[in-house]
$ cat target.txt   # compact mmCIF, C-alpha atoms
# COMPACT_ATOMS: atom_id res chain seq x y z
CA MET A 2 0.18 1.27 12.68
CA SER A 3 -1.26 0.16 15.98
CA TYR A 4 -3.88 2.03 17.94
CA SER A 5 -3.31 2.97 21.57
CA ASP A 6 -5.37 1.21 24.26
CA LYS A 7 -7.44 4.35 24.76
CA VAL A 8 -8.32 4.58 21.08
CA VAL A 9 -9.30 0.92 21.05
CA ASP A 10 -11.42 1.40 24.17
CA HIS A 11 -13.33 4.35 22.68
CA TYR A 12 -13.62 2.57 19.35
CA GLU A 13 -15.04 -0.59 20.89
CA ASN A 14 -17.17 1.17 23.49
CA PRO A 15 -17.94 4.57 22.05
CA ARG A 16 -19.57 6.93 24.55
CA ASN A 17 -22.59 9.04 23.70
CA VAL A 18 -23.31 7.77 20.21
CA GLY A 19 -26.53 9.13 18.78
CA SER A 20 -28.43 12.24 17.84
CA PHE A 21 -30.59 14.96 19.31
CA GLN A 22 -33.40 16.62 17.41
CA LYS A 23 -31.56 19.14 15.29
CA ASP A 24 -34.24 21.80 15.40
CA GLU A 25 -34.54 22.00 19.21
CA LYS A 26 -33.58 25.46 20.33
CA ASN A 27 -31.18 24.32 23.04
CA VAL A 28 -29.28 21.99 20.70
CA GLY A 29 -26.23 22.93 18.67
CA THR A 30 -25.04 20.74 15.81
CA GLY A 31 -21.53 20.71 14.39
CA LEU A 32 -20.93 18.92 11.13
CA VAL A 33 -17.37 18.57 9.90
CA GLY A 34 -15.46 16.55 7.34
CA ALA A 35 -11.80 15.82 6.71
CA PRO A 36 -10.41 16.47 3.25
CA ALA A 37 -7.62 14.00 4.00
CA CYS A 38 -9.76 10.93 4.42
CA GLY A 39 -13.37 11.74 3.55
CA ASP A 40 -14.51 11.09 7.11
CA VAL A 41 -17.62 12.83 8.39
CA MET A 42 -18.30 13.72 12.02
CA LYS A 43 -21.40 15.11 13.69
CA LEU A 44 -21.24 16.45 17.21
CA GLN A 45 -24.26 17.78 19.06
CA ILE A 46 -24.55 19.62 22.36
CA LYS A 47 -27.56 20.18 24.57
CA VAL A 48 -27.18 23.36 26.57
CA SER A 49 -28.97 24.28 29.82
CA ALA A 50 -30.56 27.68 30.51
CA GLU A 51 -27.44 28.48 32.53
CA GLY A 52 -25.22 27.93 29.51
CA ILE A 53 -23.81 24.60 30.65
CA ILE A 54 -23.42 21.69 28.25
CA GLU A 55 -25.72 19.09 29.83
CA ASP A 56 -25.39 16.40 27.26
CA ALA A 57 -23.48 15.63 24.08
CA LYS A 58 -23.85 13.09 21.31
CA PHE A 59 -21.83 12.20 18.25
CA LYS A 60 -21.92 10.19 15.09
CA THR A 61 -18.70 9.64 13.21
CA PHE A 62 -18.13 7.71 10.03
CA GLY A 63 -14.42 7.28 9.78
CA CYS A 64 -11.35 5.57 11.17
CA GLY A 65 -10.81 4.44 14.76
CA SER A 66 -8.94 7.62 15.66
CA ALA A 67 -11.75 9.84 14.40
CA ILE A 68 -14.33 7.84 16.35
CA ALA A 69 -12.19 7.86 19.50
CA SER A 70 -11.51 11.61 19.20
CA SER A 71 -15.19 12.46 18.95
CA SER A 72 -16.20 9.96 21.64
CA LEU A 73 -13.61 11.41 24.01
CA VAL A 74 -14.67 15.04 23.49
CA THR A 75 -18.33 14.26 24.19
CA GLU A 76 -17.17 13.08 27.63
CA TRP A 77 -14.95 16.10 28.12
CA ILE A 78 -17.44 18.80 27.21
CA LYS A 79 -20.28 17.56 29.41
CA GLY A 80 -20.64 19.88 32.40
CA LYS A 81 -18.52 22.59 30.83
CA THR A 82 -19.63 26.08 29.87
CA LEU A 83 -19.55 26.92 26.17
CA ASP A 84 -16.45 29.06 26.63
CA GLU A 85 -14.66 26.27 28.51
CA ALA A 86 -15.59 23.75 25.82
CA ALA A 87 -14.37 26.09 23.09
CA GLU A 88 -10.95 26.08 24.73
CA ILE A 89 -10.33 22.39 24.15
CA LYS A 90 -7.37 22.04 21.83
CA ASN A 91 -6.66 19.26 19.41
CA SER A 92 -3.28 18.73 21.06
CA GLN A 93 -5.02 17.71 24.30
CA ILE A 94 -7.13 15.17 22.43
CA ALA A 95 -4.14 13.82 20.49
CA CYS A 96 -2.11 13.59 23.69
CA GLU A 97 -4.85 11.80 25.68
CA LEU A 98 -5.34 9.24 22.91
CA ALA A 99 -1.63 9.01 22.01
CA LEU A 100 -2.43 9.62 18.36
CA PRO A 101 0.43 9.14 15.91
CA PRO A 102 1.34 12.09 13.64
CA VAL A 103 -0.63 10.74 10.67
CA LYS A 104 -3.79 10.77 12.78
CA ILE A 105 -3.44 14.24 14.26
CA HIS A 106 -5.96 15.52 11.73
CA CYS A 107 -8.63 13.40 13.46
CA SER A 108 -8.15 15.38 16.66
CA VAL A 109 -8.25 18.65 14.71
CA LEU A 110 -11.54 17.52 13.24
CA ALA A 111 -12.96 16.87 16.72
CA GLU A 112 -11.85 20.32 17.88
CA ASP A 113 -13.51 21.87 14.81
CA ALA A 114 -16.67 19.88 15.55
CA ILE A 115 -16.94 21.35 19.07
CA LYS A 116 -16.47 24.86 17.72
CA ALA A 117 -19.02 24.28 14.95
CA ALA A 118 -21.59 22.92 17.44
CA ILE A 119 -21.11 25.93 19.73
CA ALA A 120 -21.41 28.35 16.79
CA ASP A 121 -24.60 26.60 15.65
CA TYR A 122 -26.07 26.75 19.17
CA ARG A 123 -25.30 30.49 19.43
CA LYS A 124 -26.83 31.08 16.01
CA ASN A 125 -30.02 29.30 17.13
CA GLN A 126 -30.21 31.47 20.25
CA ASN A 127 -30.00 34.66 18.24
CA GLN A 128 -32.79 33.71 15.92
CA MET B 21 3.02 11.64 -28.10
CA ARG B 22 6.01 9.53 -27.14
CA ALA B 23 6.43 8.01 -23.72
CA GLY B 24 9.35 9.08 -21.57
CA VAL B 25 12.79 8.27 -22.92
CA LEU B 26 14.26 5.40 -20.95
CA PHE B 27 17.45 4.76 -22.84
CA CYS B 28 20.19 6.91 -24.35
CA PRO B 29 19.47 7.07 -28.09
CA VAL B 30 23.20 6.86 -28.82
CA CYS B 31 24.65 4.24 -26.48
CA GLY B 32 21.46 2.53 -25.36
CA ALA B 33 22.26 2.86 -21.64
CA VAL B 34 19.35 3.34 -19.25
CA GLN B 35 18.83 6.93 -18.14
CA GLY B 36 17.74 8.48 -14.85
CA PRO B 37 14.03 9.15 -14.42
CA GLY B 38 14.46 12.93 -14.77
CA SER B 39 11.74 15.34 -13.81
CA MET B 40 8.84 14.88 -16.17
CA ASP B 41 5.20 14.87 -15.20
CA HIS B 42 3.19 11.65 -14.98
CA PHE B 43 1.41 12.30 -18.26
CA ALA B 44 4.62 12.86 -20.21
CA ARG B 45 6.15 9.76 -18.63
CA LEU B 46 3.40 7.66 -20.16
CA GLY B 47 3.17 9.60 -23.41
CA LEU B 48 -0.29 10.96 -22.67
CA ALA B 49 -1.74 14.41 -23.23
CA VAL B 50 -2.29 16.36 -20.01
CA GLY B 51 -5.97 16.18 -19.11
CA PHE B 52 -8.52 14.52 -16.87
CA ASP B 53 -9.89 12.19 -19.54
CA VAL B 54 -7.62 9.18 -19.64
CA ASP B 55 -8.52 6.09 -21.57
CA VAL B 56 -7.59 2.95 -19.63
CA GLU B 57 -6.17 1.23 -22.68
CA ALA B 58 -4.16 4.27 -23.73
CA LEU B 59 -2.72 4.28 -20.21
CA GLU B 60 -2.00 0.56 -19.90
CA ARG B 61 -0.37 0.04 -23.29
CA PRO B 62 2.63 2.34 -22.70
CA TYR B 63 2.77 1.35 -19.04
CA PHE B 64 3.17 -2.37 -19.67
CA ALA B 65 5.53 -1.76 -22.61
CA LEU B 66 7.81 0.44 -20.50
CA GLN B 67 7.57 -1.92 -17.56
CA ARG B 68 8.82 -4.77 -19.76
CA GLN B 69 11.76 -2.66 -20.89
CA LEU B 70 12.62 -1.97 -17.26
CA HIS B 71 12.23 -5.53 -16.01
CA PRO B 72 15.04 -6.40 -13.55
CA ASP B 73 15.96 -9.52 -15.60
CA ARG B 74 17.10 -7.23 -18.40
CA PHE B 75 19.56 -5.57 -16.09
CA ALA B 76 20.95 -8.69 -14.43
CA GLY B 77 24.31 -8.36 -16.20
CA LYS B 78 24.46 -4.56 -16.15
CA SER B 79 26.51 -2.24 -13.96
CA PRO B 80 25.25 -1.31 -10.48
CA LYS B 81 24.60 2.20 -11.74
CA GLU B 82 22.40 1.00 -14.56
CA LYS B 83 20.56 -1.33 -12.19
CA ALA B 84 19.90 1.55 -9.82
CA LEU B 85 18.73 3.85 -12.62
CA SER B 86 16.40 1.24 -14.05
CA GLN B 87 14.89 0.76 -10.60
CA GLN B 88 14.37 4.50 -10.22
CA GLN B 89 12.70 4.58 -13.61
CA ALA B 90 10.45 1.67 -12.67
CA THR B 91 9.46 3.35 -9.41
CA MET B 92 8.55 6.61 -11.16
CA LEU B 93 6.69 4.68 -13.84
CA ASN B 94 4.62 2.83 -11.25
CA GLU B 95 3.85 6.06 -9.44
CA ALA B 96 2.71 7.70 -12.67
CA TYR B 97 0.52 4.72 -13.54
CA GLU B 98 -1.05 4.41 -10.08
CA THR B 99 -1.79 8.13 -10.01
CA LEU B 100 -3.33 8.37 -13.46
CA LYS B 101 -5.30 5.13 -13.20
CA ASP B 102 -7.38 6.32 -10.25
CA PRO B 103 -9.82 9.18 -11.07
CA LEU B 104 -9.51 10.75 -7.62
CA LYS B 105 -5.71 10.64 -7.55
CA ARG B 106 -5.63 11.84 -11.15
CA GLY B 107 -7.88 14.79 -10.33
CA VAL B 108 -5.79 15.77 -7.31
CA TYR B 109 -2.59 15.44 -9.32
CA LEU B 110 -3.90 17.39 -12.30
CA LEU B 111 -5.01 20.28 -10.08
CA GLU B 112 -1.55 20.33 -8.56
CA LEU B 113 0.07 20.26 -11.99
CA LEU B 114 -2.11 23.16 -13.13
CA GLY B 115 -1.06 25.16 -10.10
CA ARG B 116 -4.18 24.77 -8.01
CA GLY B 117 -3.35 22.04 -5.55
CA VAL B 118 -5.96 20.91 -3.06
CA ASP B 119 -4.28 19.90 0.13
CA LEU B 120 -5.78 16.54 0.97
CA THR B 121 -3.49 16.25 3.96
CA ALA B 122 -4.78 19.52 5.38
CA CYS B 123 -6.01 19.46 8.94
CA GLY B 124 -9.40 20.70 9.95
CA THR B 125 -12.75 20.58 8.30
CA ILE B 126 -13.80 21.38 4.76
CA ASN B 127 -16.10 24.35 4.48
CA ASP B 128 -18.93 22.90 2.47
CA PRO B 129 -22.03 22.44 4.67
CA GLU B 130 -24.16 21.14 1.83
CA LEU B 131 -21.74 18.36 0.94
CA LEU B 132 -21.27 17.45 4.61
CA MET B 133 -24.99 17.27 5.29
CA GLU B 134 -25.59 15.13 2.22
CA GLN B 135 -22.73 12.78 3.06
CA MET B 136 -23.76 12.46 6.71
CA GLU B 137 -27.28 11.52 5.65
CA LYS B 138 -26.00 8.91 3.22
CA ARG B 139 -23.59 7.39 5.71
CA GLU B 140 -26.37 7.25 8.30
CA ALA B 141 -28.74 5.60 5.81
CA LEU B 142 -26.05 3.05 5.05
CA ALA B 143 -25.39 2.36 8.73
CA GLU B 144 -29.11 1.87 9.35
CA ALA B 145 -29.69 -0.36 6.32
CA THR B 146 -30.19 -3.95 7.41
CA THR B 147 -31.00 -5.93 4.29
CA GLY B 148 -28.67 -6.87 1.47
CA ALA B 149 -31.07 -5.36 -1.07
CA GLU B 150 -31.11 -2.03 0.72
CA ILE B 151 -27.33 -1.90 0.92
CA ALA B 152 -27.04 -2.89 -2.74
CA ARG B 153 -29.37 -0.04 -3.67
CA LEU B 154 -27.34 2.48 -1.66
CA LEU B 155 -24.13 1.16 -3.19
CA ALA B 156 -25.53 1.51 -6.72
CA GLU B 157 -26.67 5.03 -5.91
CA ALA B 158 -23.24 5.98 -4.54
CA ASP B 159 -21.52 4.41 -7.53
CA SER B 160 -23.58 6.33 -10.03
CA GLU B 161 -23.03 9.57 -8.12
CA SER B 162 -19.33 8.97 -8.21
CA VAL B 163 -19.49 8.43 -11.97
CA ALA B 164 -21.58 11.58 -12.40
CA CYS B 165 -19.07 13.52 -10.30
CA GLN B 166 -16.25 12.29 -12.56
CA CYS B 167 -18.20 13.49 -15.63
CA HIS B 168 -18.66 16.91 -14.09
CA LEU B 169 -15.00 16.95 -13.15
CA SER B 170 -14.02 16.19 -16.72
CA ALA B 171 -16.23 19.05 -17.97
CA ALA B 172 -14.76 21.44 -15.40
CA PHE B 173 -11.20 20.61 -16.46
CA LEU B 174 -12.11 20.96 -20.14
CA ALA B 175 -13.66 24.36 -19.43
CA GLY B 176 -10.57 25.38 -17.46
CA ASP B 177 -12.72 26.04 -14.40
CA LEU B 178 -10.22 25.01 -11.75
CA ALA B 179 -12.22 26.35 -8.81
CA GLN B 180 -15.09 24.07 -9.77
CA ALA B 181 -12.65 21.21 -10.40
CA ALA B 182 -11.22 21.64 -6.91
CA HIS B 183 -14.72 21.56 -5.45
CA LEU B 184 -15.55 18.40 -7.38
CA VAL B 185 -12.31 16.67 -6.39
CA ASN B 186 -13.29 17.24 -2.78
CA ARG B 187 -16.73 15.82 -3.46
CA LEU B 188 -15.22 12.81 -5.22
CA LYS B 189 -13.09 12.12 -2.15
CA PHE B 190 -16.20 11.84 0.02
CA LEU B 191 -18.11 9.85 -2.58
CA THR B 192 -15.21 7.43 -2.90
CA LYS B 193 -15.30 6.90 0.86
CA LEU B 194 -19.05 6.35 0.72
CA VAL B 195 -18.66 3.75 -2.03
CA GLU B 196 -15.93 1.98 -0.05
CA ASP B 197 -18.11 1.96 3.03
CA ALA B 198 -21.10 0.60 1.10
CA ARG B 199 -18.97 -2.09 -0.52
CA ALA B 200 -17.56 -3.16 2.84
CA ARG B 201 -21.06 -3.39 4.30
CA LYS B 202 -22.24 -5.44 1.36
CA ASN B 203 -19.38 -7.90 1.74
CA ARG B 204 -19.97 -8.23 5.46
CA ILE B 205 -23.65 -8.99 4.93
CA ARG B 206 -22.76 -11.54 2.29
CA MET B 207 -20.35 -13.31 4.62
CA MET B 208 -22.95 -13.47 7.36
CA GLY B 209 -25.65 -14.51 4.90
$ encode --input "target.txt" --output "structure tokens"
Amino acid sequence: MSYSDKVVDHYENPRNVGSFQKDEKNVGTGLVGAPACGDVMKLQIKVSAEGIIEDAKFKTFGCGSAIASSSLVTEWIKGKTLDEAAEIKNSQIACELALPPVKIHCSVLAEDAIKAAIADYRKNQNQ
Amino acid sequence: MRAGVLFCPVCGAVQGPGSMDHFARLGLAVGFDVDVEALERPYFALQRQLHPDRFAGKSPKEKALSQQQATMLNEAYETLKDPLKRGVYLLELLGRGVDLTACGTINDPELLMEQMEKREALAEATTGAEIARLLAEADSESVACQCHLSAAFLAGDLAQAAHLVNRLKFLTKLVEDARARKNRIRMMG
């Protein structure tokens, strides 16, 4: 199986790798894992007072497609509102990266990571 | 227990693989605890009986059947040899399959947090000694997980077994990752 150019690009030059302090109130952390491959993915968002995602970081331990999927979504969600970010579908990620069918689950994982990060942020706000 | 019947007891012709489970094919009792020797003995014996050389002069049908038998035999062996594959298969056989091809995330925050921390520690480790320590730790956790899995199957607690199979999947990945890091460091060393 060969990776698409976009996957290779994100894999070799991943955007926004890193972490925010988990306990900051304006940070939401999504932690997800794939049963299919044992990959783990962490996606964090930093949200402004206006509810805009100002910054995003990720750490993914997994295959090239999982890394590319999470790298790509950190670029996509920056500048979006939480509701806009929650609308990102795995099919858009898979399409952008030209993922083959066996790697679709990587894009699903990235979608789940966004949703988990948003849910965590909202939980923090309500505390 | 007898391993799967390969040949017709009357005429001696090779038979089709039929639909028996992997344990029956190798003459083993159904269960998570599989002794390597008890697995390899019937496997190699059956493999010899199915060797293509033995079918060189046989009819095309017998050749095809022997190949089907050999394929099923290999699949049974590969599945039962590996603790993770064996666990997944056994759950399926007992009617509680875990879908390892399922999309989306597992719902086990504790496991995810633990695994993320370990993978991060591994990524940040710089010395061979540190990586070796993390590898040993991961290895022993994998062994412990297999012990717990064995106990869960013996107790008939399939929900717990399913949970542990999931955990073993992530631990296996961690061990692979640690081993790869160790080899890379050694090559650079």
$ closest_residue --input "target.txt" --among "A:Pro101, A:Gly80, A:Gly34, A:Gly19" --to "A:Ser66" --atoms "all atoms listed in the file"
A:Pro101
$ interface_residues --input "target.txt" --of "chain B" --to "chain A" --cutoff "9 Å" --atoms "only C-alpha atoms" --output "MDAnalysis selection string"
chainID B and resid 118:129 132:133 135:136 139:140 186:187 189:194
$ atom_distance --input "target.txt" --atom1 "atom CA of B:Asp41" --atom2 "atom CA of B:Asn94"
12.7 Å
$ closest_atom_pairs --input "target.txt" --of "stretch 7-105 of chain A" --to "stretch 119-127 of chain A" --cutoff "6 Å" --atoms "only C-alpha atoms" --output "Markdown table"
| residue | atom | partner | partner_atom | distance |
| --- | --- | --- | --- | --- |
| A:Val28 | CA | A:Tyr122 | CA | 5.9 |
| A:Gly29 | CA | A:Tyr122 | CA | 3.9 |
| A:Thr30 | CA | A:Asp121 | CA | 5.9 |
$ atom_distance --input "target.txt" --atom1 "atom CA of B:Asn203" --atom2 "atom CA of B:Ser162"
19.6 Å
$ atom_distance --input "target.txt" --atom1 "atom CA of B:Leu174" --atom2 "atom CA of B:Leu155"
28.7 Å
$ residues_around --input "target.txt" --residues "stretch 79-83 of chain B" --least-positions-apart "2" --cutoff "9 Å" --atoms "all atoms listed in the file" --output "list of chain:residue names"
B:Ala33, B:Val34, B:Gln35, B:Gly36, B:Pro72, B:Phe75, B:Ala76, B:Gly77, B:Leu85, B:Ser86, B:Gln87, B:Gln88
$ write_last_selection --input "target.txt" --atoms "C-alpha atoms" --output "PDB file, in the coordinates of the input"
ATOM      1  CA  ALA B  33      22.260   2.860 -21.640  1.00  0.00           C
ATOM      2  CA  VAL B  34      19.350   3.340 -19.250  1.00  0.00           C
ATOM      3  CA  GLN B  35      18.830   6.930 -18.140  1.00  0.00           C
ATOM      4  CA  GLY B  36      17.740   8.480 -14.850  1.00  0.00           C
ATOM      5  CA  PRO B  72      15.040  -6.400 -13.550  1.00  0.00           C
ATOM      6  CA  PHE B  75      19.560  -5.570 -16.090  1.00  0.00           C
ATOM      7  CA  ALA B  76      20.950  -8.690 -14.430  1.00  0.00           C
ATOM      8  CA  GLY B  77      24.310  -8.360 -16.200  1.00  0.00           C
ATOM      9  CA  LEU B  85      18.730   3.850 -12.620  1.00  0.00           C
ATOM     10  CA  SER B  86      16.400   1.240 -14.050  1.00  0.00           C
ATOM     11  CA  GLN B  87      14.890   0.760 -10.600  1.00  0.00           C
ATOM     12  CA  GLN B  88      14.370   4.500 -10.220  1.00  0.00           C
TER      13      GLN B  88
END
$ residues_around --input "target.txt" --residues "B:Asp102" --least-positions-apart "3" --cutoff "12 Å" --atoms "all atoms listed in the file" --output "list in words"
Phe52, Asp53, Val54, Asp55, Val56, Leu59, Glu95, Ala96, Tyr97, Glu98, Thr99, Lys105, Arg106, Gly107, Val108, Tyr109, Leu110, Gln166, Leu188, Lys189 and Thr192 of chain B
$ axis_aligned_box --input "target.txt" --around "stretch 183-197 of chain B" --padding-each-side "5 Å" --output "AutoDock Vina command-line options"
--center_x -15.7 --center_y 11.8 --center_z -2.2 --size_x 16.7 --size_y 29.6 --size_z 20.4
$ residues_near_point --input "target.txt" --point "(-16.4, 27.0, 29.1)" --cutoff "12 Å" --atoms "only C-alpha atoms" --output "PyMOL selection string"
chain A and resi 48+51-54+77-89+115-116+119
$ residues_around --input "target.txt" --residues "A:Ala99" --least-positions-apart "5" --cutoff "10 Å" --atoms "only C-alpha atoms" --output "list in words"
Tyr4, Ser5, Asp6, Lys7, Val8, Ser66, Ser92, Gln93, Ile94, Lys104 and Ile105 of chain A
$ residues_near_point --input "target.txt" --point "(-25.3, 7.9, 21.6)" --cutoff "10 Å" --atoms "all atoms listed in the file" --output "ChimeraX atom specification"
/A:15-21,57-60,72,75
$ build_atoms --input "target.txt" --residues "stretch 82-92 of chain A" --atoms "all heavy atoms" --output "PDB file, in the frame of the given file"
ATOM      1  N   THR A  82     -18.956  24.954  30.516  1.00  0.00           N
ATOM      2  CA  THR A  82     -19.630  26.080  29.870  1.00  0.00           C
ATOM      3  C   THR A  82     -19.193  26.088  28.399  1.00  0.00           C
ATOM      4  O   THR A  82     -18.220  25.422  28.032  1.00  0.00           O
ATOM      5  CB  THR A  82     -19.221  27.429  30.499  1.00  0.00           C
ATOM      6  OG1 THR A  82     -17.826  27.637  30.223  1.00  0.00           O
ATOM      7  CG2 THR A  82     -19.456  27.443  31.995  1.00  0.00           C
ATOM      8  N   LEU A  83     -19.910  26.860  27.586  1.00  0.00           N
ATOM      9  CA  LEU A  83     -19.550  26.920  26.170  1.00  0.00           C
ATOM     10  C   LEU A  83     -18.138  27.458  25.978  1.00  0.00           C
ATOM     11  O   LEU A  83     -17.374  26.940  25.150  1.00  0.00           O
ATOM     12  CB  LEU A  83     -20.556  27.810  25.420  1.00  0.00           C
ATOM     13  CG  LEU A  83     -21.995  27.285  25.368  1.00  0.00           C
ATOM     14  CD1 LEU A  83     -22.909  28.303  24.704  1.00  0.00           C
ATOM     15  CD2 LEU A  83     -22.070  25.956  24.620  1.00  0.00           C
ATOM     16  N   ASP A  84     -17.799  28.483  26.767  1.00  0.00           N
ATOM     17  CA  ASP A  84     -16.450  29.060  26.630  1.00  0.00           C
ATOM     18  C   ASP A  84     -15.368  28.054  27.028  1.00  0.00           C
ATOM     19  O   ASP A  84     -14.329  27.973  26.389  1.00  0.00           O
ATOM     20  CB  ASP A  84     -16.317  30.329  27.472  1.00  0.00           C
ATOM     21  CG  ASP A  84     -17.118  31.483  26.871  1.00  0.00           C
ATOM     22  OD1 ASP A  84     -17.386  31.429  25.652  1.00  0.00           O
ATOM     23  OD2 ASP A  84     -17.487  32.411  27.618  1.00  0.00           O
ATOM     24  N   GLU A  85     -15.642  27.298  28.088  1.00  0.00           N
ATOM     25  CA  GLU A  85     -14.660  26.270  28.510  1.00  0.00           C
ATOM     26  C   GLU A  85     -14.500  25.206  27.433  1.00  0.00           C
ATOM     27  O   GLU A  85     -13.391  24.792  27.110  1.00  0.00           O
ATOM     28  CB  GLU A  85     -15.120  25.610  29.815  1.00  0.00           C
ATOM     29  CG  GLU A  85     -14.937  26.468  31.047  1.00  0.00           C
ATOM     30  CD  GLU A  85     -15.691  25.929  32.258  1.00  0.00           C
ATOM     31  OE1 GLU A  85     -16.465  24.936  32.126  1.00  0.00           O
ATOM     32  OE2 GLU A  85     -15.527  26.505  33.338  1.00  0.00           O
ATOM     33  N   ALA A  86     -15.637  24.790  26.854  1.00  0.00           N
ATOM     34  CA  ALA A  86     -15.590  23.750  25.820  1.00  0.00           C
ATOM     35  C   ALA A  86     -14.830  24.241  24.585  1.00  0.00           C
ATOM     36  O   ALA A  86     -14.084  23.492  23.952  1.00  0.00           O
ATOM     37  CB  ALA A  86     -17.003  23.325  25.424  1.00  0.00           C
ATOM     38  N   ALA A  87     -15.016  25.521  24.276  1.00  0.00           N
ATOM     39  CA  ALA A  87     -14.370  26.090  23.090  1.00  0.00           C
ATOM     40  C   ALA A  87     -12.853  26.140  23.256  1.00  0.00           C
ATOM     41  O   ALA A  87     -12.125  26.319  22.277  1.00  0.00           O
ATOM     42  CB  ALA A  87     -14.920  27.479  22.812  1.00  0.00           C
ATOM     43  N   GLU A  88     -12.391  25.998  24.491  1.00  0.00           N
ATOM     44  CA  GLU A  88     -10.950  26.080  24.730  1.00  0.00           C
ATOM     45  C   GLU A  88     -10.227  24.762  24.519  1.00  0.00           C
ATOM     46  O   GLU A  88      -9.000  24.720  24.537  1.00  0.00           O
ATOM     47  CB  GLU A  88     -10.686  26.567  26.159  1.00  0.00           C
ATOM     48  CG  GLU A  88     -10.656  28.084  26.240  1.00  0.00           C
ATOM     49  CD  GLU A  88     -10.647  28.567  27.679  1.00  0.00           C
ATOM     50  OE1 GLU A  88     -10.124  27.828  28.537  1.00  0.00           O
ATOM     51  OE2 GLU A  88     -11.180  29.662  27.921  1.00  0.00           O
ATOM     52  N   ILE A  89     -10.980  23.699  24.343  1.00  0.00           N
ATOM     53  CA  ILE A  89     -10.330  22.390  24.150  1.00  0.00           C
ATOM     54  C   ILE A  89      -9.521  22.421  22.858  1.00  0.00           C
ATOM     55  O   ILE A  89     -10.013  22.831  21.811  1.00  0.00           O
ATOM     56  CB  ILE A  89     -11.386  21.256  24.107  1.00  0.00           C
ATOM     57  CG1 ILE A  89     -12.010  21.091  25.486  1.00  0.00           C
ATOM     58  CG2 ILE A  89     -10.756  19.945  23.639  1.00  0.00           C
ATOM     59  CD1 ILE A  89     -13.165  20.115  25.544  1.00  0.00           C
ATOM     60  N   LYS A  90      -8.275  21.988  22.982  1.00  0.00           N
ATOM     61  CA  LYS A  90      -7.370  22.040  21.830  1.00  0.00           C
ATOM     62  C   LYS A  90      -7.119  20.621  21.290  1.00  0.00           C
ATOM     63  O   LYS A  90      -7.116  19.649  22.050  1.00  0.00           O
ATOM     64  CB  LYS A  90      -6.028  22.631  22.240  1.00  0.00           C
ATOM     65  CG  LYS A  90      -6.095  24.101  22.623  1.00  0.00           C
ATOM     66  CD  LYS A  90      -5.957  24.979  21.392  1.00  0.00           C
ATOM     67  CE  LYS A  90      -6.254  26.442  21.688  1.00  0.00           C
ATOM     68  NZ  LYS A  90      -7.654  26.683  22.083  1.00  0.00           N
ATOM     69  N   ASN A  91      -6.904  20.569  20.019  1.00  0.00           N
ATOM     70  CA  ASN A  91      -6.660  19.260  19.410  1.00  0.00           C
ATOM     71  C   ASN A  91      -5.459  18.554  20.031  1.00  0.00           C
ATOM     72  O   ASN A  91      -5.429  17.330  20.132  1.00  0.00           O
ATOM     73  CB  ASN A  91      -6.484  19.410  17.898  1.00  0.00           C
ATOM     74  CG  ASN A  91      -5.069  19.724  17.500  1.00  0.00           C
ATOM     75  OD1 ASN A  91      -4.615  20.852  17.665  1.00  0.00           O
ATOM     76  ND2 ASN A  91      -4.356  18.724  17.018  1.00  0.00           N
ATOM     77  N   SER A  92      -4.485  19.350  20.477  1.00  0.00           N
ATOM     78  CA  SER A  92      -3.280  18.730  21.060  1.00  0.00           C
ATOM     79  C   SER A  92      -3.618  17.948  22.336  1.00  0.00           C
ATOM     80  O   SER A  92      -3.017  16.911  22.610  1.00  0.00           O
ATOM     81  CB  SER A  92      -2.230  19.798  21.346  1.00  0.00           C
ATOM     82  OG  SER A  92      -2.796  20.845  22.099  1.00  0.00           O
TER      83      SER A  92
END
